[in-house]
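Asks: Structure: final38.txt, compact mmCIF, C-alpha atoms.
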```
# COMPACT_ATOMS: atom_id res chain seq x y z
CA MET A 1 91.69 117.34 108.58
CA SER A 2 105.47 112.28 117.89
CA ARG A 3 107.95 109.69 117.81
CA ARG A 4 110.63 109.79 115.19
CA PRO A 5 112.35 106.73 113.79
CA THR A 6 115.99 106.50 114.71
CA ALA A 7 118.19 107.53 111.78
CA ARG A 8 121.82 106.62 111.24
CA ARG A 9 124.40 109.38 111.10
CA PHE A 10 125.35 110.38 107.58
CA ALA A 11 128.97 109.50 108.22
CA ASP A 12 128.32 105.93 109.31
CA SER A 13 129.98 103.70 106.70
CA GLY A 14 129.50 106.48 104.17
CA SER A 15 125.90 105.37 103.71
CA ILE A 16 123.11 107.50 102.31
CA PRO A 17 120.18 108.22 104.70
CA PHE A 18 117.15 105.94 104.34
CA VAL A 19 118.97 103.44 102.07
CA GLY A 20 118.31 100.81 104.70
CA ALA A 21 114.68 101.83 104.88
CA LEU A 22 114.27 101.37 101.14
CA HIS A 23 116.08 98.00 101.00
CA PRO A 24 113.58 95.29 100.03
CA LYS A 25 114.57 93.06 102.97
CA SER A 26 114.23 95.74 105.63
CA ARG A 27 111.09 96.48 107.65
CA PRO A 28 110.64 100.27 107.77
CA SER A 29 108.88 101.92 110.66
CA PRO A 30 105.18 102.69 110.04
CA LEU A 31 105.92 106.30 111.00
CA LEU A 32 108.56 106.48 108.27
CA SER A 33 106.02 105.27 105.70
CA VAL A 34 103.55 107.88 106.89
CA GLY A 35 106.23 110.56 106.61
CA ILE A 36 107.12 109.54 103.06
CA PHE A 37 103.41 109.44 102.22
CA ILE A 38 102.81 113.00 103.46
CA VAL A 39 105.87 114.46 101.76
CA GLY A 40 105.09 112.63 98.53
CA THR A 41 101.49 113.85 98.59
CA LEU A 42 102.64 117.46 98.92
CA LEU A 43 105.10 117.04 96.04
CA VAL A 44 102.50 115.46 93.76
CA VAL A 45 99.84 118.05 94.63
CA GLY A 46 102.34 120.85 94.02
CA TYR A 47 103.29 119.42 90.64
CA LEU A 48 99.69 118.95 89.53
CA TYR A 49 98.70 122.40 90.78
CA ARG A 50 101.46 124.04 88.75
CA SER A 51 100.70 121.96 85.66
CA GLY A 52 97.05 122.95 85.69
CA GLY A 53 95.94 119.44 86.64
CA ARG A 54 96.10 117.78 83.24
CA SER A 55 93.97 114.65 83.15
CA GLY A 56 96.77 112.71 81.43
CA ASP A 57 99.05 113.41 84.39
CA ILE A 58 96.40 112.12 86.79
CA ALA A 59 95.80 108.96 84.78
CA ALA A 60 99.51 108.21 84.67
CA LEU A 61 99.90 108.77 88.38
CA ASN A 62 96.92 106.58 89.24
CA ARG A 63 98.46 103.73 87.25
CA LEU A 64 101.43 103.94 89.59
CA ASP A 65 99.24 103.45 92.66
CA GLY A 66 99.97 100.08 94.19
CA SER A 67 103.32 99.64 92.45
CA THR A 68 105.27 102.29 94.36
CA GLY A 69 105.05 100.86 97.87
CA LEU A 70 103.04 103.90 98.99
CA PRO A 71 99.69 103.50 100.75
CA SER A 72 96.71 102.61 98.57
CA GLY A 73 94.81 105.65 97.31
CA PHE A 74 97.91 107.89 97.40
CA PHE A 75 97.48 109.41 93.94
CA ILE A 76 93.71 109.48 94.16
CA LEU A 77 94.10 111.57 97.31
CA ALA A 78 96.42 113.94 95.51
CA SER A 79 94.05 114.35 92.58
CA LEU A 80 91.09 114.88 94.91
CA VAL A 81 92.87 117.76 96.63
CA VAL A 82 93.79 119.37 93.32
CA PHE A 83 90.38 119.03 91.72
CA SER A 84 88.22 120.56 94.39
CA CYS A 85 87.00 123.69 92.63
CA SER A 86 86.09 125.20 96.01
CA LEU A 87 89.76 124.97 96.98
CA GLU A 88 90.73 126.32 93.56
CA LEU A 89 88.37 129.26 94.13
CA GLN A 90 90.33 130.33 97.20
CA ARG A 91 93.39 130.61 94.97
CA LEU A 92 91.30 132.49 92.41
CA ILE A 93 89.83 135.21 94.67
CA PRO A 94 92.59 137.84 94.08
CA ILE A 95 92.07 137.51 90.31
CA LEU A 96 88.29 137.82 90.67
CA MET A 97 88.84 140.95 92.77
CA LYS A 98 90.83 142.46 89.90
CA ALA A 99 88.35 141.38 87.23
CA TYR A 100 85.10 142.30 88.97
CA GLY A 101 86.15 145.28 91.11
CA ASP A 102 83.10 146.82 92.83
CA SER A 103 81.00 143.79 91.90
CA MET A 104 82.84 141.90 94.65
CA ARG A 105 81.35 144.14 97.32
CA LYS A 106 78.52 141.74 98.23
CA VAL A 107 79.22 138.10 97.32
CA LEU A 108 77.27 134.88 97.75
CA HIS A 109 79.26 131.65 97.47
CA VAL A 110 77.46 128.37 96.85
CA GLY A 111 79.25 125.06 97.19
CA PRO A 112 81.18 122.69 99.45
CA GLU A 113 83.80 124.25 101.74
CA THR A 114 81.80 127.48 101.72
CA CYS A 115 82.97 128.36 105.25
CA SER A 116 86.57 128.49 104.05
CA VAL A 117 85.66 130.50 100.94
CA VAL A 118 83.52 132.99 102.89
CA SER A 119 86.23 133.41 105.53
CA GLN A 120 88.75 134.32 102.85
CA LEU A 121 86.35 136.71 101.11
CA LEU A 122 85.67 138.50 104.39
CA LYS A 123 89.37 139.29 104.66
CA GLU A 124 89.13 141.41 101.51
CA GLU A 125 88.61 145.13 102.05
CA ASP A 126 85.06 146.44 101.44
CA THR A 127 83.72 142.93 100.76
CA GLU A 128 80.71 141.34 102.44
CA ALA A 129 80.21 137.63 101.93
CA TRP A 130 77.63 134.93 102.59
CA GLY A 131 77.63 131.23 101.85
CA ILE A 132 75.31 128.33 101.09
CA GLU A 133 76.52 124.81 101.84
CA PRO A 134 74.40 122.49 99.65
CA TYR A 135 75.21 119.43 101.76
CA GLU A 136 75.54 118.59 105.42
CA LEU A 137 78.36 120.28 107.27
CA ASP A 138 80.38 117.31 108.46
CA ASP A 139 83.05 117.93 111.10
CA ALA A 140 82.60 121.72 110.97
CA ASP A 141 85.32 123.60 112.83
CA ALA A 142 84.73 126.39 115.35
CA ASN A 143 85.01 129.11 112.71
CA CYS A 144 82.43 127.43 110.49
CA LYS A 145 80.02 126.91 113.39
CA SER A 146 80.39 130.61 114.24
CA LEU A 147 79.53 131.62 110.66
CA VAL A 148 76.44 129.40 110.79
CA ARG A 149 75.32 130.85 114.14
CA LYS A 150 75.65 134.38 112.75
CA GLY A 151 73.57 133.48 109.70
CA ILE A 152 76.44 134.20 107.32
CA VAL A 153 76.55 130.57 106.18
CA ARG A 154 73.50 128.35 105.89
CA VAL A 155 72.82 124.80 104.75
CA ALA A 156 70.24 124.72 101.95
CA ASP A 157 69.25 122.38 99.12
CA ILE A 158 69.95 124.34 95.94
CA LYS A 159 67.53 122.17 93.95
CA PHE A 160 64.81 124.40 95.42
CA PRO A 161 64.30 128.21 95.19
CA LEU A 162 66.86 130.23 97.13
CA PRO A 163 65.58 132.23 100.14
CA TYR A 164 66.68 135.58 98.68
CA ARG A 165 65.06 138.40 96.77
CA PRO A 166 66.13 139.18 93.18
CA LYS A 167 69.52 140.91 92.92
CA SER A 168 70.26 140.40 96.64
CA PHE A 169 73.99 140.04 95.87
CA SER A 170 76.31 141.88 93.54
CA LEU A 171 78.00 138.61 92.50
CA VAL A 172 77.18 134.93 92.96
CA ILE A 173 79.98 132.35 92.75
CA VAL A 174 79.26 128.62 92.63
CA SER A 175 81.92 125.91 92.80
CA ASP A 176 81.63 122.10 92.59
CA ALA A 177 77.93 121.99 93.50
CA LEU A 178 76.54 121.99 89.93
CA ASP A 179 78.67 118.98 88.96
CA TYR A 180 76.45 116.83 91.18
CA LEU A 181 73.11 117.96 89.71
CA SER A 182 71.29 116.29 86.85
CA PRO A 183 70.11 118.44 83.91
CA ARG A 184 66.60 118.28 85.37
CA TYR A 185 67.72 120.30 88.39
CA LEU A 186 70.32 122.39 86.58
CA ASN A 187 67.52 123.86 84.45
CA LYS A 188 66.05 125.35 87.62
CA THR A 189 69.10 125.94 89.81
CA VAL A 190 71.38 127.92 87.46
CA PRO A 191 68.73 130.51 86.48
CA GLU A 192 67.86 130.78 90.18
CA LEU A 193 71.49 131.57 91.01
CA ALA A 194 71.51 134.22 88.28
CA ARG A 195 68.23 135.65 89.62
CA VAL A 196 69.71 136.65 92.98
CA SER A 197 72.74 138.32 91.37
CA ALA A 198 72.84 141.98 90.32
CA ASP A 199 76.11 141.95 88.35
CA GLY A 200 76.77 138.37 87.34
CA LEU A 201 77.28 134.70 88.07
CA VAL A 202 80.64 132.87 88.14
CA ILE A 203 80.61 129.07 87.79
CA LEU A 204 83.59 126.81 88.56
CA SER A 205 83.22 123.28 87.21
CA GLY A 206 85.60 120.34 86.90
CA TYR A 207 87.12 119.22 83.60
CA PRO A 208 85.99 115.88 82.11
CA GLY A 209 88.43 113.12 83.05
CA GLN A 210 89.40 114.49 86.45
CA GLN A 211 89.38 112.02 89.31
CA ARG A 212 86.92 112.12 92.19
CA ALA A 213 86.52 109.84 95.23
CA LYS A 214 83.49 107.76 94.28
CA VAL A 215 82.71 106.36 97.75
CA THR A 216 82.94 109.78 99.38
CA GLU A 217 80.76 111.32 96.67
CA LEU A 218 77.98 108.78 97.01
CA SER A 219 77.79 109.09 100.77
CA LYS A 220 77.73 112.91 100.80
CA PHE A 221 76.36 114.06 97.44
CA GLY A 222 74.06 111.15 96.58
CA ARG A 223 75.58 110.65 93.12
CA PRO A 224 79.01 110.80 91.47
CA ALA A 225 80.10 114.03 89.83
CA LYS A 226 79.16 114.53 86.20
CA LEU A 227 82.07 116.55 84.77
CA ARG A 228 80.85 118.20 81.59
CA SER A 229 82.77 119.78 78.71
CA SER A 230 82.82 123.51 78.01
CA SER A 231 80.80 122.94 74.83
CA TRP A 232 78.11 121.18 76.89
CA TRP A 233 77.94 124.11 79.29
CA ILE A 234 77.74 126.67 76.49
CA ARG A 235 74.83 124.79 74.89
CA PHE A 236 73.16 124.64 78.29
CA PHE A 237 73.53 128.40 78.80
CA ILE A 238 71.95 129.06 75.40
CA GLN A 239 69.05 126.68 76.09
CA THR A 240 68.34 128.35 79.44
CA SER A 241 68.62 131.91 78.00
CA LEU A 242 71.73 132.69 80.02
CA GLU A 243 74.28 134.93 78.32
CA GLU A 244 78.03 134.81 78.83
CA ASN A 245 79.53 138.04 80.17
CA GLU A 246 82.11 138.90 77.51
CA ALA A 247 83.35 142.01 79.35
CA ALA A 248 83.96 140.03 82.54
CA ILE A 249 85.66 137.23 80.59
CA LYS A 250 88.09 139.70 79.02
CA LYS A 251 88.96 141.34 82.35
CA PHE A 252 89.36 137.94 84.00
CA GLU A 253 91.70 136.68 81.29
CA GLN A 254 93.80 139.85 81.52
CA ALA A 255 94.08 139.58 85.32
CA ALA A 256 94.92 135.86 85.09
CA SER A 257 97.57 136.49 82.44
CA LYS A 258 99.34 139.09 84.58
CA LYS A 259 99.65 136.56 87.39
CA SER A 260 100.51 133.64 85.05
CA TYR A 261 97.48 131.88 86.48
CA LYS A 262 96.09 128.71 84.93
CA SER A 263 92.95 127.37 86.52
CA ALA A 264 92.55 123.67 87.31
CA CYS A 265 88.80 124.17 86.84
CA GLN A 266 86.59 125.54 84.10
CA VAL A 267 85.47 129.10 84.87
CA PHE A 268 82.33 130.55 83.29
CA HIS A 269 81.15 134.16 83.59
CA LEU A 270 77.44 134.81 83.07
CA LYS A 271 75.31 137.94 83.01
CA PRO A 272 72.51 138.26 85.58
CA LEU A 273 68.90 137.72 84.63
CA HIS A 274 67.16 140.96 83.64
```
Step by step, read the file and then write its structure as structure tokens.
Replies:
Amino acid sequence: MSRRPTARRFADSGSIPFVGALHPKSRPSPLLSVGIFIVGTLLVVGYLYRSGGRSGDIAALNRLDGSTGLPSGFFILASLVVFSCSLELQRLIPILMKAYGDSMRKVLHVGPETCSVVSQLLKEEDTEAWGIEPYELDDADANCKSLVRKGIVRVADIKFPLPYRPKSFSLVIVSDALDYLSPRYLNKTVPELARVSADGLVILSGYPGQQRAKVTELSKFGRPAKLRSSSWWIRFFIQTSLEENEAAIKKFEQAASKKSYKSACQVFHLKPLH
């Protein structure tokens, strides 16, 4: 979710472009600052995406915020873009297609940005897709409104039973949404997600230490994200009688290795409830 500042010719006095703009005594155009901000954001996001989004990188970048002359929140914005697991999922879909094969024929996605995820899934051959947006659809675009009208995407509170019969979908994929639930609700929601899946459940969750926009979270999700470790999740799966899908994990790792893919989110593969 223009005017251009006048630039000197490169040949003038043998000067380097934008030197004047960076001089401490000069007053750069607001549009130039915006331009630098946008380009810098793309560079930082690209770097973090390729590096797998290491929390140490984010912490170091956030310490720079306010000392670089860039707008406040610059590096927080970059980290927020990188650490949306729903955005990461869209990058992950081709690998899931390889790993799950026919199990991707009828997919339910649960999480923020579900309209974007469902739209991408529907582009895959022989794949049907539906979505649940756990929170209000703010500023939905025309495509998202169309998916809602057709009943492909619906808004529903996942803290309550899902309106589907057992094994309604071949695969259920959830991203981001579980990070905002307390253990009290996770104990009910995760088994419920596994209930409506015939072949398995895929969970994408953030790594501990990743940055999130606290004000945005509180206004939309009601509470800040609780980013849990892989050991916490494994203990949780055992306590709720959910079993990891070792066959799916192996296929996923093989497909990811072939594409040199490193996820910026934790990815868990669970068997369906019997």
Asks: Atom CA of A:Gln120 and atom CA of A:Val172 are how many Å apart?
Replies: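 It comes out at 15.2 Å.
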Asks: Pick the closest to A:Thr114 from A:Glu253, A:Asp176, A:Asp157, A:Asp126: which is it, counting all atoms listed in the file?
Replies: A:Asp176
Asks: Could you give me, as a PyMOL selection string, the residues that have an atom at most 8 Å away from the point (81.6, 133.4, 106.0) in the coordinates of the file, using only C-alpha atoms?
Replies: chain A and resi 114-122+129-131+144+147+152-153
Asks: Can you measure atom CA of A:Trp232 to atom CA of A:Pro161 for me? One decimal in Å is fine.
Replies: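 Taking atom CA of A:Trp232 and atom CA of A:Pro161, their separation equals 24.0 Å.
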Asks: Can you work out the spacing between atom CA of A:Ile95 and atom CA of A:Phe236 in Å, to one decimal?
Replies: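 Straight-line distance from atom CA of A:Ile95 to atom CA of A:Phe236 works out to 25.8 Å.
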Asks: Any idea what's packed within 10 Å of A:Ala194, counting only C-alpha atoms, ignoring anything in its chain fewer than 3 positions away? Could you give it as a PyMOL selection string?
Replies: chain A and resi 166-167+169+171-173+189-191+197-202+242+270-274
Asks: Please provide the set of residues having any atom within 12 Å of A:Glu124, restricted to only C-alpha atoms, with same-chain residues fewer than 3 positions apart removed, written as a list in words.
Replies: Gln90, Ile93, Pro94, Leu96, Met97, Lys98, Gly101, Asp102, Met104, Arg105, Lys106, Val107, Val117, Val118, Ser119, Gln120, Leu121, Thr127, Glu128 and Ala129 of chain A
Asks: Do you know which residues lie at most 12 Å from (87.7, 139.6, 80.0), with coordinates as in the file and only C-alpha atoms counted, and could you write them as a ChimeraX atom specification?
Replies: /A:95-96,98-100,244-257,267-270
Asks: Could you check which of A:Ala140, A:Ile238, A:Cys265, A:Leu89 is closest to A:Asn187, using all atoms listed in the file?
Replies: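 Answer, going by the shortest atom-to-atom distance: A:Ile238.
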Asks: Put stretch 219-268 of chain A into a file with C-alpha atoms, as an mmCIF file, in the first residue's frame.
Replies:
```
data_model
loop_
_atom_site.group_PDB
_atom_site.id
_atom_site.type_symbol
_atom_site.label_atom_id
_atom_site.label_comp_id
_atom_site.auth_asym_id
_atom_site.auth_seq_id
_atom_site.Cartn_x
_atom_site.Cartn_y
_atom_site.Cartn_z
ATOM 1 C CA SER A 219 -4.710 -2.198 17.185
ATOM 2 C CA LYS A 220 -5.330 -5.142 14.845
ATOM 3 C CA PHE A 221 -4.482 -8.333 16.753
ATOM 4 C CA GLY A 222 -5.301 -7.251 20.311
ATOM 5 C CA ARG A 223 -1.916 -8.350 21.681
ATOM 6 C CA PRO A 224 1.733 -8.348 20.583
ATOM 7 C CA ALA A 225 3.119 -11.436 18.875
ATOM 8 C CA LYS A 226 4.562 -14.134 21.105
ATOM 9 C CA LEU A 227 7.394 -15.615 19.020
ATOM 10 C CA ARG A 228 8.180 -19.043 20.434
ATOM 11 C CA SER A 229 11.209 -21.293 19.973
ATOM 12 C CA SER A 230 11.136 -24.545 18.018
ATOM 13 C CA SER A 231 11.619 -26.496 21.256
ATOM 14 C CA TRP A 232 8.533 -24.793 22.715
ATOM 15 C CA TRP A 233 6.483 -25.762 19.672
ATOM 16 C CA ILE A 234 7.692 -29.364 19.743
ATOM 17 C CA ARG A 235 6.710 -29.691 23.421
ATOM 18 C CA PHE A 236 3.341 -28.180 22.564
ATOM 19 C CA PHE A 237 2.756 -30.687 19.754
ATOM 20 C CA ILE A 238 3.535 -33.570 22.102
ATOM 21 C CA GLN A 239 1.227 -32.219 24.815
ATOM 22 C CA THR A 240 -1.644 -31.852 22.329
ATOM 23 C CA SER A 241 -1.054 -35.313 20.763
ATOM 24 C CA LEU A 242 -0.010 -33.853 17.429
ATOM 25 C CA GLU A 243 2.679 -35.767 15.561
ATOM 26 C CA GLU A 244 5.273 -34.255 13.255
ATOM 27 C CA ASN A 245 5.136 -35.542 9.681
ATOM 28 C CA GLU A 246 8.647 -36.917 9.167
ATOM 29 C CA ALA A 247 8.011 -37.916 5.539
ATOM 30 C CA ALA A 248 6.799 -34.416 4.663
ATOM 31 C CA ILE A 249 9.728 -32.842 6.522
ATOM 32 C CA LYS A 250 12.215 -34.884 4.502
ATOM 33 C CA LYS A 251 10.591 -34.031 1.160
ATOM 34 C CA PHE A 252 10.373 -30.357 2.132
ATOM 35 C CA GLU A 253 14.047 -30.200 3.096
ATOM 36 C CA GLN A 254 15.062 -31.886 -0.161
ATOM 37 C CA ALA A 255 12.965 -29.463 -2.248
ATOM 38 C CA ALA A 256 14.297 -26.465 -0.291
ATOM 39 C CA SER A 257 17.900 -27.635 -0.698
ATOM 40 C CA LYS A 258 17.556 -27.912 -4.481
ATOM 41 C CA LYS A 259 16.433 -24.292 -4.645
ATOM 42 C CA SER A 260 18.968 -23.085 -2.020
ATOM 43 C CA TYR A 261 16.003 -21.844 -0.029
ATOM 44 C CA LYS A 262 16.351 -20.683 3.565
ATOM 45 C CA SER A 263 13.135 -19.703 5.273
ATOM 46 C CA ALA A 264 12.878 -16.526 7.352
ATOM 47 C CA CYS A 265 10.204 -18.304 9.395
ATOM 48 C CA GLN A 266 9.989 -21.564 11.299
ATOM 49 C CA VAL A 267 8.126 -24.217 9.296
ATOM 50 C CA PHE A 268 6.470 -27.177 11.022
#
```
